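Notes follow once the structure below has been shown.
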Amino acid sequence: MEVLSPRTLGEALQMKAERPEAVPIQGGTDVMVDLNFDRGRPPLLLNLNEVAELRGWSRQNGTLWLGAGLTYSEAMQPPLSELLPALAEASRTVGGPQIRNRGTIGGNLGTASPAGDAIPPLLVGGTDVKLVSVRGERVVPLQGFLVGPKRNVLAEDELIAGVSLPASDSRETFMKVGPRNAMVISVVSLALRVDGELRAAFGSAGPVPKLVRAELGEVDSFPDQVAAAASPIDDVRGTATYRRHALRVLTKRALERCLL
């Protein structure tokens, strides 16, 4: 298997344009699983670990920028964890320390799994995704970026540069149901933010994580609204009925946590 290792974002975009079949890899926590279980065997990997422009985060003019290479471990550390507490809480539930040290926000978005733990916290934050190629760049709302199970709007020559979202001191939290507290794919997950309105986003309860919004006066009915917006399935991790019930319970608990 051939591996390309650009040193700059410009080099990476040129390589992706010339070899669109190249599969980006940084943390490798999804790609390597597919390789190890022989579920996917791409002819070419695009190693993004040396591309410094994709790493880190910044705050400017009331906007937070998270590079695609930001790791879960970095999202758990202050001051970013204080600015985005729901994302920090979600990051703590991802795998073990090794996975959190390697797994990235950009990788979670690129995989576009309905169970992606970073996605619900980013959805409630009003996140935009920046996509780049040799043709230029475009910004897509996260809601529009995800189009189906493990499907997104990335063109074959594009890479995820990172995401931006408004900085806020709103109350927010993340909760997840699974057979144990970490190192497990969620049966269902929920992020909630209260900032003049109610915003909840859930994972593992539909083909894509989904955002639900309501007025503050709808607190009592909001858990039922969130459950009604879901379209879960029965699978080996849980039934559709259980997932809807769990969403109601998680929403009630999240509201109590954020409104106290």
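By order of appearance in the structure tokens: chains A, B, ..., then residues from 1 within every chain, and ligands from 1 in the order shown.
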Please list as a PDB file with all heavy atoms, in the first residue's frame every residue within 10 Å of Phe222 in chain A, counting only C-alpha atoms and excluding residues in the same chain fewer than 6 positions away.
ATOM      1  N   LEU A 198     -33.697  26.217  23.409  1.00  0.00           N
ATOM      2  CA  LEU A 198     -33.246  24.859  23.717  1.00  0.00           C
ATOM      3  C   LEU A 198     -32.733  24.218  22.441  1.00  0.00           C
ATOM      4  O   LEU A 198     -33.413  24.238  21.413  1.00  0.00           O
ATOM      5  CB  LEU A 198     -34.406  24.028  24.283  1.00  0.00           C
ATOM      6  CG  LEU A 198     -35.133  24.603  25.490  1.00  0.00           C
ATOM      7  CD1 LEU A 198     -36.353  23.748  25.825  1.00  0.00           C
ATOM      8  CD2 LEU A 198     -34.195  24.700  26.691  1.00  0.00           C
ATOM      9  N   ARG A 199     -31.537  23.660  22.511  1.00  0.00           N
ATOM     10  CA  ARG A 199     -30.976  22.968  21.360  1.00  0.00           C
ATOM     11  C   ARG A 199     -30.419  21.625  21.806  1.00  0.00           C
ATOM     12  O   ARG A 199     -29.571  21.565  22.695  1.00  0.00           O
ATOM     13  CB  ARG A 199     -29.873  23.795  20.694  1.00  0.00           C
ATOM     14  CG  ARG A 199     -30.403  24.862  19.777  1.00  0.00           C
ATOM     15  CD  ARG A 199     -29.285  25.509  19.002  1.00  0.00           C
ATOM     16  NE  ARG A 199     -28.646  26.554  19.789  1.00  0.00           N
ATOM     17  CZ  ARG A 199     -27.603  27.259  19.362  1.00  0.00           C
ATOM     18  NH1 ARG A 199     -27.062  27.005  18.197  1.00  0.00           N
ATOM     19  NH2 ARG A 199     -27.086  28.206  20.122  1.00  0.00           N
ATOM     20  N   ALA A 200     -30.906  20.569  21.184  1.00  0.00           N
ATOM     21  CA  ALA A 200     -30.419  19.225  21.482  1.00  0.00           C
ATOM     22  C   ALA A 200     -30.023  18.545  20.179  1.00  0.00           C
ATOM     23  O   ALA A 200     -30.656  18.753  19.139  1.00  0.00           O
ATOM     24  CB  ALA A 200     -31.484  18.408  22.202  1.00  0.00           C
ATOM     25  N   VAL A 212     -32.368  19.395  17.195  1.00  0.00           N
ATOM     26  CA  VAL A 212     -33.754  19.723  17.528  1.00  0.00           C
ATOM     27  C   VAL A 212     -33.735  21.031  18.314  1.00  0.00           C
ATOM     28  O   VAL A 212     -32.971  21.175  19.271  1.00  0.00           O
ATOM     29  CB  VAL A 212     -34.420  18.621  18.361  1.00  0.00           C
ATOM     30  CG1 VAL A 212     -35.892  18.944  18.593  1.00  0.00           C
ATOM     31  CG2 VAL A 212     -34.269  17.256  17.688  1.00  0.00           C
ATOM     32  N   ARG A 213     -34.594  21.996  17.916  1.00  0.00           N
ATOM     33  CA  ARG A 213     -34.618  23.304  18.564  1.00  0.00           C
ATOM     34  C   ARG A 213     -36.021  23.608  19.071  1.00  0.00           C
ATOM     35  O   ARG A 213     -37.007  23.196  18.470  1.00  0.00           O
ATOM     36  CB  ARG A 213     -34.176  24.387  17.588  1.00  0.00           C
ATOM     37  CG  ARG A 213     -32.840  24.111  16.950  1.00  0.00           C
ATOM     38  CD  ARG A 213     -32.516  25.070  15.830  1.00  0.00           C
ATOM     39  NE  ARG A 213     -32.164  26.395  16.331  1.00  0.00           N
ATOM     40  CZ  ARG A 213     -31.517  27.288  15.585  1.00  0.00           C
ATOM     41  NH1 ARG A 213     -31.189  27.012  14.337  1.00  0.00           N
ATOM     42  NH2 ARG A 213     -31.233  28.478  16.098  1.00  0.00           N
ATOM     43  N   ALA A 214     -36.099  24.356  20.184  1.00  0.00           N
ATOM     44  CA  ALA A 214     -37.396  24.738  20.741  1.00  0.00           C
ATOM     45  C   ALA A 214     -37.224  25.988  21.591  1.00  0.00           C
ATOM     46  O   ALA A 214     -36.108  26.354  21.985  1.00  0.00           O
ATOM     47  CB  ALA A 214     -37.989  23.598  21.572  1.00  0.00           C
ATOM     48  N   GLU A 215     -38.343  26.653  21.861  1.00  0.00           N
ATOM     49  CA  GLU A 215     -38.330  27.828  22.723  1.00  0.00           C
ATOM     50  C   GLU A 215     -38.130  27.398  24.182  1.00  0.00           C
ATOM     51  O   GLU A 215     -38.446  26.272  24.563  1.00  0.00           O
ATOM     52  CB  GLU A 215     -39.642  28.596  22.586  1.00  0.00           C
ATOM     53  CG  GLU A 215     -39.933  29.092  21.176  1.00  0.00           C
ATOM     54  CD  GLU A 215     -38.924  30.116  20.705  1.00  0.00           C
ATOM     55  OE1 GLU A 215     -38.430  30.892  21.566  1.00  0.00           O
ATOM     56  OE2 GLU A 215     -38.620  30.139  19.491  1.00  0.00           O
ATOM     57  N   LEU A 216     -37.638  28.340  24.986  1.00  0.00           N
ATOM     58  CA  LEU A 216     -37.405  28.035  26.403  1.00  0.00           C
ATOM     59  C   LEU A 216     -38.684  27.628  27.124  1.00  0.00           C
ATOM     60  O   LEU A 216     -38.642  26.816  28.048  1.00  0.00           O
ATOM     61  CB  LEU A 216     -36.782  29.252  27.099  1.00  0.00           C
ATOM     62  CG  LEU A 216     -35.314  29.549  26.774  1.00  0.00           C
ATOM     63  CD1 LEU A 216     -34.887  30.845  27.448  1.00  0.00           C
ATOM     64  CD2 LEU A 216     -34.415  28.406  27.217  1.00  0.00           C
ATOM     65  N   ALA A 228     -39.331  12.255  19.458  1.00  0.00           N
ATOM     66  CA  ALA A 228     -40.136  12.163  18.242  1.00  0.00           C
ATOM     67  C   ALA A 228     -39.322  12.460  16.989  1.00  0.00           C
ATOM     68  O   ALA A 228     -39.634  11.963  15.901  1.00  0.00           O
ATOM     69  CB  ALA A 228     -41.318  13.126  18.330  1.00  0.00           C
ATOM     70  N   ARG A 248     -35.540  10.388  25.746  1.00  0.00           N
ATOM     71  CA  ARG A 248     -36.389  11.160  26.663  1.00  0.00           C
ATOM     72  C   ARG A 248     -35.700  11.338  28.015  1.00  0.00           C
ATOM     73  O   ARG A 248     -35.656  12.438  28.579  1.00  0.00           O
ATOM     74  CB  ARG A 248     -37.734  10.454  26.870  1.00  0.00           C
ATOM     75  CG  ARG A 248     -38.677  10.514  25.685  1.00  0.00           C
ATOM     76  CD  ARG A 248     -40.055   9.983  26.056  1.00  0.00           C
ATOM     77  NE  ARG A 248     -40.916   9.916  24.895  1.00  0.00           N
ATOM     78  CZ  ARG A 248     -41.033   8.836  24.116  1.00  0.00           C
ATOM     79  NH1 ARG A 248     -40.351   7.735  24.402  1.00  0.00           N
ATOM     80  NH2 ARG A 248     -41.834   8.862  23.072  1.00  0.00           N
ATOM     81  N   THR A 251     -32.612  13.637  27.770  1.00  0.00           N
ATOM     82  CA  THR A 251     -32.999  15.040  27.595  1.00  0.00           C
ATOM     83  C   THR A 251     -33.481  15.637  28.908  1.00  0.00           C
ATOM     84  O   THR A 251     -33.122  16.770  29.257  1.00  0.00           O
ATOM     85  CB  THR A 251     -34.086  15.169  26.518  1.00  0.00           C
ATOM     86  OG1 THR A 251     -33.633  14.568  25.304  1.00  0.00           O
ATOM     87  CG2 THR A 251     -34.401  16.640  26.251  1.00  0.00           C
ATOM     88  N   LYS A 252     -34.273  14.893  29.650  1.00  0.00           N
ATOM     89  CA  LYS A 252     -34.734  15.375  30.962  1.00  0.00           C
ATOM     90  C   LYS A 252     -33.553  15.629  31.887  1.00  0.00           C
ATOM     91  O   LYS A 252     -33.468  16.667  32.564  1.00  0.00           O
ATOM     92  CB  LYS A 252     -35.678  14.359  31.605  1.00  0.00           C
ATOM     93  CG  LYS A 252     -37.054  14.266  30.945  1.00  0.00           C
ATOM     94  CD  LYS A 252     -37.902  13.196  31.614  1.00  0.00           C
ATOM     95  CE  LYS A 252     -39.257  13.053  30.937  1.00  0.00           C
ATOM     96  NZ  LYS A 252     -40.082  11.964  31.543  1.00  0.00           N
ATOM     97  N   LEU A 255     -31.534  18.693  30.724  1.00  0.00           N
ATOM     98  CA  LEU A 255     -32.233  19.944  31.057  1.00  0.00           C
ATOM     99  C   LEU A 255     -32.059  20.282  32.525  1.00  0.00           C
ATOM    100  O   LEU A 255     -31.819  21.445  32.890  1.00  0.00           O
ATOM    101  CB  LEU A 255     -33.717  19.821  30.706  1.00  0.00           C
ATOM    102  CG  LEU A 255     -34.070  19.877  29.222  1.00  0.00           C
ATOM    103  CD1 LEU A 255     -35.522  19.457  29.004  1.00  0.00           C
ATOM    104  CD2 LEU A 255     -33.821  21.274  28.657  1.00  0.00           C
TER     105      LEU A 255
END
Within 7 Å of Gln26 in chain A, counting only C-alpha atoms, which residues qualify if same-chain residues fewer than 4 places away don't, as a PyMOL selection string?
chain A and resi 47-49
Apply DSSP to the structure's backbone, then extract all residues of range 161-239 of chain A labelled alpha helix (DSSP H) and return them as number ranges by chain.
A: 222-229
Go ahead and write the residues just picked, N, CA and C atoms, as a tab-separated table (two decimals), in the first residue's frame.
chain	number	residue	atom	x	y	z
A	222	PHE	N	-40.06	19.26	25.72
A	222	PHE	CA	-38.86	19.09	24.88
A	222	PHE	C	-38.36	17.64	24.84
A	223	PRO	N	-38.34	16.90	25.95
A	223	PRO	CA	-37.90	15.50	25.85
A	223	PRO	C	-38.71	14.69	24.85
A	224	ASP	N	-40.03	14.92	24.81
A	224	ASP	CA	-40.86	14.21	23.83
A	224	ASP	C	-40.57	14.68	22.41
A	225	GLN	N	-40.27	15.98	22.25
A	225	GLN	CA	-39.93	16.49	20.91
A	225	GLN	C	-38.64	15.84	20.39
A	226	VAL	N	-37.67	15.72	21.27
A	226	VAL	CA	-36.39	15.11	20.86
A	226	VAL	C	-36.60	13.64	20.48
A	227	ALA	N	-37.34	12.91	21.31
A	227	ALA	CA	-37.59	11.50	21.01
A	227	ALA	C	-38.38	11.34	19.71
A	228	ALA	N	-39.33	12.26	19.46
A	228	ALA	CA	-40.14	12.16	18.24
A	228	ALA	C	-39.32	12.46	16.99
A	229	ALA	N	-38.27	13.27	17.13
A	229	ALA	CA	-37.44	13.62	15.97
A	229	ALA	C	-36.50	12.49	15.57
Might you pull out every residue within 10 Å of Ser204 in chain A, with only C-alpha atoms counted and same-chain residues fewer than 3 positions away left off, and present them as a list in words?
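Neighbouring residues, sequence-local ones excluded: Ser113, Pro114, Ala115, Gly116, Asp117, Lys176, Val177, Ile185, Ser186, Val187, Val188, Ser189, Leu190, Pro207, Val208, Pro209, Lys210, Ala230, Ser231, Pro232, Ile233, Arg237, Gly238 and Arg243 of chain A.
Comparing the minimum interatomic distances between Gly56 in chain A and each of A:Ser221, A:Ser73, A:Thr173, A:Ser5, counting only C-alpha atoms, we find that A:Ser73 sits nearest.
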What's the 12 Å shell around range 35-41 of chain A, counting only C-alpha atoms, without same-chain residues fewer than 6 positions away, as a PyMOL selection string?
chain A and resi 1-2+21-23+25+28-29
May I ask which of the residues A:Pro20, A:Leu211, A:Ala205, A:Arg253 is the closest one to Thr241 in chain A, counting only C-alpha atoms?
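For Thr241 in chain A, the nearest of the given residues is A:Ala205.
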Need to verify the contact set: Pro79 in chain A, 12 Å, only C-alpha atoms, exclusion of same-chain residues closer than 3 positions in sequence. Can you return it as a PyMOL selection string?
chain A and resi 57-59+64+74-76+82-85+88
For N, CA, C and O atoms, I'd like the residues from the last selection saved as a short mmCIF file (atom, residue, chain, number, x, y, z; two decimals), in the first residue's frame.
data_model
loop_
_atom_site.label_atom_id
_atom_site.label_comp_id
_atom_site.auth_asym_id
_atom_site.auth_seq_id
_atom_site.Cartn_x
_atom_site.Cartn_y
_atom_site.Cartn_z
N TRP A 57 -6.13 24.84 17.93
CA TRP A 57 -7.35 25.63 17.94
C TRP A 57 -7.01 27.07 18.28
O TRP A 57 -5.92 27.38 18.75
N SER A 58 -7.95 27.97 18.01
CA SER A 58 -7.73 29.38 18.30
C SER A 58 -9.07 30.06 18.55
O SER A 58 -10.13 29.53 18.23
N ARG A 59 -9.01 31.24 19.12
CA ARG A 59 -10.20 32.06 19.35
C ARG A 59 -9.93 33.47 18.85
O ARG A 59 -8.91 34.07 19.19
N LEU A 64 -14.58 30.49 17.64
CA LEU A 64 -13.61 29.43 17.91
C LEU A 64 -13.30 28.68 16.63
O LEU A 64 -14.21 28.35 15.86
N GLU A 74 -6.84 16.83 23.43
CA GLU A 74 -6.70 18.29 23.43
C GLU A 74 -8.03 18.97 23.74
O GLU A 74 -8.06 20.01 24.42
N ALA A 75 -9.12 18.40 23.26
CA ALA A 75 -10.44 18.98 23.52
C ALA A 75 -10.82 18.87 24.99
O ALA A 75 -11.68 19.62 25.47
N MET A 76 -10.19 17.97 25.71
CA MET A 76 -10.48 17.76 27.14
C MET A 76 -9.71 18.72 28.04
O MET A 76 -9.99 18.80 29.23
N GLU A 82 -13.29 24.46 28.89
CA GLU A 82 -14.17 25.40 29.56
C GLU A 82 -15.03 26.17 28.56
O GLU A 82 -16.14 26.60 28.88
N LEU A 83 -14.53 26.33 27.34
CA LEU A 83 -15.28 27.02 26.30
C LEU A 83 -16.29 26.10 25.63
O LEU A 83 -17.36 26.55 25.19
N LEU A 84 -15.96 24.81 25.53
CA LEU A 84 -16.83 23.83 24.88
C LEU A 84 -16.97 22.61 25.80
O LEU A 84 -16.45 21.53 25.53
N PRO A 85 -17.69 22.77 26.91
CA PRO A 85 -17.76 21.68 27.89
C PRO A 85 -18.43 20.42 27.35
O PRO A 85 -18.05 19.31 27.74
N ALA A 88 -15.90 18.51 25.45
CA ALA A 88 -14.94 17.91 26.38
C ALA A 88 -15.53 16.67 27.03
O ALA A 88 -14.86 15.63 27.17
#
May I have the residues within 8 Å of Ala161 in chain A as a tab-separated table (two decimals) with C-alpha atoms, in the first residue's frame, using only C-alpha atoms and disregarding those fewer than 3 positions away in the same chain?
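Here's the written file selection03.tsv:
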chain	number	residue	atom	x	y	z
A	54	LEU	CA	-4.54	21.24	10.52
A	67	GLY	CA	-8.36	22.38	13.33
A	68	ALA	CA	-9.27	19.05	11.78
A	106	GLY	CA	-11.77	15.99	11.56
A	129	VAL	CA	-17.19	22.97	8.44
A	130	LYS	CA	-14.44	24.44	6.25
A	131	LEU	CA	-13.56	22.32	3.19
A	132	VAL	CA	-10.48	23.08	1.11
Counting only C-alpha atoms, which of A:Leu250, A:Val51, A:Tyr72, A:Asp195 gets nearest to Gly10 in chain A?
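Closest to Gly10 in chain A of all the choices is A:Val51.
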Report as an MDAnalysis selection string: the residues of range 42-190 of chain A with a DSSP assignment of strand (DSSP E or B), based on the backbone of this structure.
chainID A and resid 44:47 57:60 63:67 71 104 128:133 136:141 146:148 151:152 159:166 171:177 188:190
Restricting it to N, CA and C atoms, dump the selection as a compact mmCIF listing (two decimals), in the first residue's frame.
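The resulting file, part-v4.txt, is shown below:
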# COMPACT_ATOMS: atom_id res chain seq x y z
N LEU A 44 -4.23 3.75 -1.66
CA LEU A 44 -3.34 4.87 -1.35
C LEU A 44 -3.84 5.59 -0.11
N LEU A 45 -2.92 5.91 0.80
CA LEU A 45 -3.25 6.69 1.99
C LEU A 45 -2.57 8.04 1.92
N LEU A 46 -3.27 9.08 2.38
CA LEU A 46 -2.72 10.42 2.45
C LEU A 46 -2.50 10.75 3.92
N ASN A 47 -1.26 10.64 4.37
CA ASN A 47 -0.90 10.85 5.77
C ASN A 47 -0.83 12.34 6.07
N TRP A 57 -6.13 24.84 17.93
CA TRP A 57 -7.35 25.63 17.94
C TRP A 57 -7.01 27.07 18.28
N SER A 58 -7.95 27.97 18.01
CA SER A 58 -7.73 29.38 18.30
C SER A 58 -9.07 30.06 18.55
N ARG A 59 -9.01 31.24 19.12
CA ARG A 59 -10.20 32.06 19.35
C ARG A 59 -9.93 33.47 18.85
N GLN A 60 -10.83 33.97 18.00
CA GLN A 60 -10.64 35.31 17.44
C GLN A 60 -11.99 35.93 17.13
N THR A 63 -15.14 33.96 17.75
CA THR A 63 -15.30 32.71 17.02
C THR A 63 -14.19 31.73 17.41
N LEU A 64 -14.58 30.49 17.64
CA LEU A 64 -13.61 29.43 17.91
C LEU A 64 -13.30 28.68 16.63
N TRP A 65 -12.02 28.40 16.42
CA TRP A 65 -11.57 27.59 15.29
C TRP A 65 -10.92 26.32 15.83
N LEU A 66 -11.42 25.17 15.38
CA LEU A 66 -10.84 23.88 15.76
C LEU A 66 -10.27 23.24 14.51
N GLY A 67 -8.97 23.03 14.48
CA GLY A 67 -8.36 22.38 13.33
C GLY A 67 -8.81 20.94 13.21
N THR A 71 -7.14 16.72 18.61
CA THR A 71 -7.42 15.40 19.18
C THR A 71 -8.44 15.51 20.31
N THR A 104 -9.14 12.29 16.06
CA THR A 104 -9.28 13.72 15.78
C THR A 104 -10.72 14.11 15.47
N ASP A 128 -19.84 25.35 11.66
CA ASP A 128 -19.61 25.30 10.21
C ASP A 128 -18.35 24.50 9.93
N VAL A 129 -18.34 23.78 8.83
CA VAL A 129 -17.19 22.97 8.44
C VAL A 129 -16.51 23.63 7.25
N LYS A 130 -15.20 23.83 7.34
CA LYS A 130 -14.44 24.44 6.25
C LYS A 130 -13.78 23.34 5.42
N LEU A 131 -14.11 23.30 4.13
CA LEU A 131 -13.56 22.32 3.19
C LEU A 131 -12.63 23.04 2.23
N VAL A 132 -11.48 22.43 1.96
CA VAL A 132 -10.48 23.08 1.11
C VAL A 132 -10.01 22.13 0.02
N SER A 133 -9.64 22.72 -1.12
CA SER A 133 -9.07 21.98 -2.24
C SER A 133 -8.22 22.96 -3.04
N GLY A 136 -10.05 26.01 -4.19
CA GLY A 136 -10.46 27.05 -3.26
C GLY A 136 -11.03 26.43 -1.99
N GLU A 137 -11.88 27.17 -1.33
CA GLU A 137 -12.48 26.68 -0.08
C GLU A 137 -13.97 26.98 -0.06
N ARG A 138 -14.69 26.24 0.75
CA ARG A 138 -16.11 26.50 0.96
C ARG A 138 -16.44 26.13 2.40
N VAL A 139 -17.48 26.79 2.90
CA VAL A 139 -17.92 26.56 4.27
C VAL A 139 -19.33 26.00 4.24
N VAL A 140 -19.52 24.88 4.92
CA VAL A 140 -20.80 24.17 4.92
C VAL A 140 -21.29 24.03 6.35
N PRO A 141 -22.54 24.39 6.65
CA PRO A 141 -23.07 24.13 7.99
C PRO A 141 -22.99 22.63 8.30
N LEU A 146 -23.43 16.47 6.78
CA LEU A 146 -23.75 15.05 6.98
C LEU A 146 -24.99 14.70 6.17
N VAL A 147 -24.87 13.74 5.28
CA VAL A 147 -26.00 13.43 4.39
C VAL A 147 -26.50 11.99 4.50
N GLY A 148 -25.85 11.16 5.29
CA GLY A 148 -26.28 9.77 5.45
C GLY A 148 -25.28 9.01 6.29
N ARG A 151 -21.68 9.11 5.23
CA ARG A 151 -21.66 9.88 3.99
C ARG A 151 -21.70 11.37 4.31
N ASN A 152 -20.86 12.11 3.59
CA ASN A 152 -20.84 13.56 3.75
C ASN A 152 -20.68 14.21 2.38
N LEU A 159 -10.41 18.28 1.36
CA LEU A 159 -10.06 17.85 2.71
C LEU A 159 -10.78 18.75 3.71
N ILE A 160 -11.01 18.24 4.91
CA ILE A 160 -11.57 19.03 6.00
C ILE A 160 -10.45 19.82 6.64
N ALA A 161 -10.54 21.16 6.61
CA ALA A 161 -9.52 21.99 7.25
C ALA A 161 -9.79 22.14 8.74
N GLY A 162 -11.08 22.21 9.09
CA GLY A 162 -11.46 22.38 10.49
C GLY A 162 -12.87 22.89 10.58
N VAL A 163 -13.25 23.32 11.77
CA VAL A 163 -14.61 23.82 11.99
C VAL A 163 -14.54 25.12 12.77
N SER A 164 -15.58 25.94 12.60
CA SER A 164 -15.69 27.18 13.36
C SER A 164 -17.07 27.24 13.99
N LEU A 165 -17.13 27.86 15.16
CA LEU A 165 -18.39 28.03 15.86
C LEU A 165 -18.29 29.22 16.79
N PRO A 166 -19.43 29.86 17.10
CA PRO A 166 -19.38 31.02 17.98
C PRO A 166 -18.93 30.64 19.38
N ARG A 171 -24.90 27.32 28.90
CA ARG A 171 -24.85 26.05 29.60
C ARG A 171 -25.04 24.93 28.59
N GLU A 172 -24.19 23.92 28.66
CA GLU A 172 -24.31 22.79 27.76
C GLU A 172 -23.74 21.54 28.42
N THR A 173 -24.17 20.39 27.91
CA THR A 173 -23.70 19.13 28.47
C THR A 173 -23.83 18.04 27.41
N PHE A 174 -23.21 16.90 27.69
CA PHE A 174 -23.26 15.73 26.81
C PHE A 174 -23.49 14.50 27.67
N MET A 175 -24.35 13.61 27.19
CA MET A 175 -24.63 12.35 27.87
C MET A 175 -24.68 11.22 26.86
N LYS A 176 -24.42 10.04 27.33
CA LYS A 176 -24.30 8.89 26.43
C LYS A 176 -24.72 7.63 27.16
N VAL A 177 -25.42 6.75 26.45
CA VAL A 177 -25.80 5.45 26.99
C VAL A 177 -25.01 4.37 26.28
N VAL A 188 -27.03 5.34 22.36
CA VAL A 188 -27.62 6.62 22.00
C VAL A 188 -26.85 7.70 22.75
N SER A 189 -26.73 8.89 22.15
CA SER A 189 -26.03 9.99 22.81
C SER A 189 -26.81 11.27 22.62
N LEU A 190 -26.53 12.25 23.47
CA LEU A 190 -27.26 13.51 23.41
C LEU A 190 -26.39 14.65 23.90
Just the residues within 8 Å of Ala52 in chain A, please, counting only C-alpha atoms, with nothing from its chain fewer than 2 positions along; format it as a PyMOL selection string.
chain A and resi 7-9+49-50+54-55
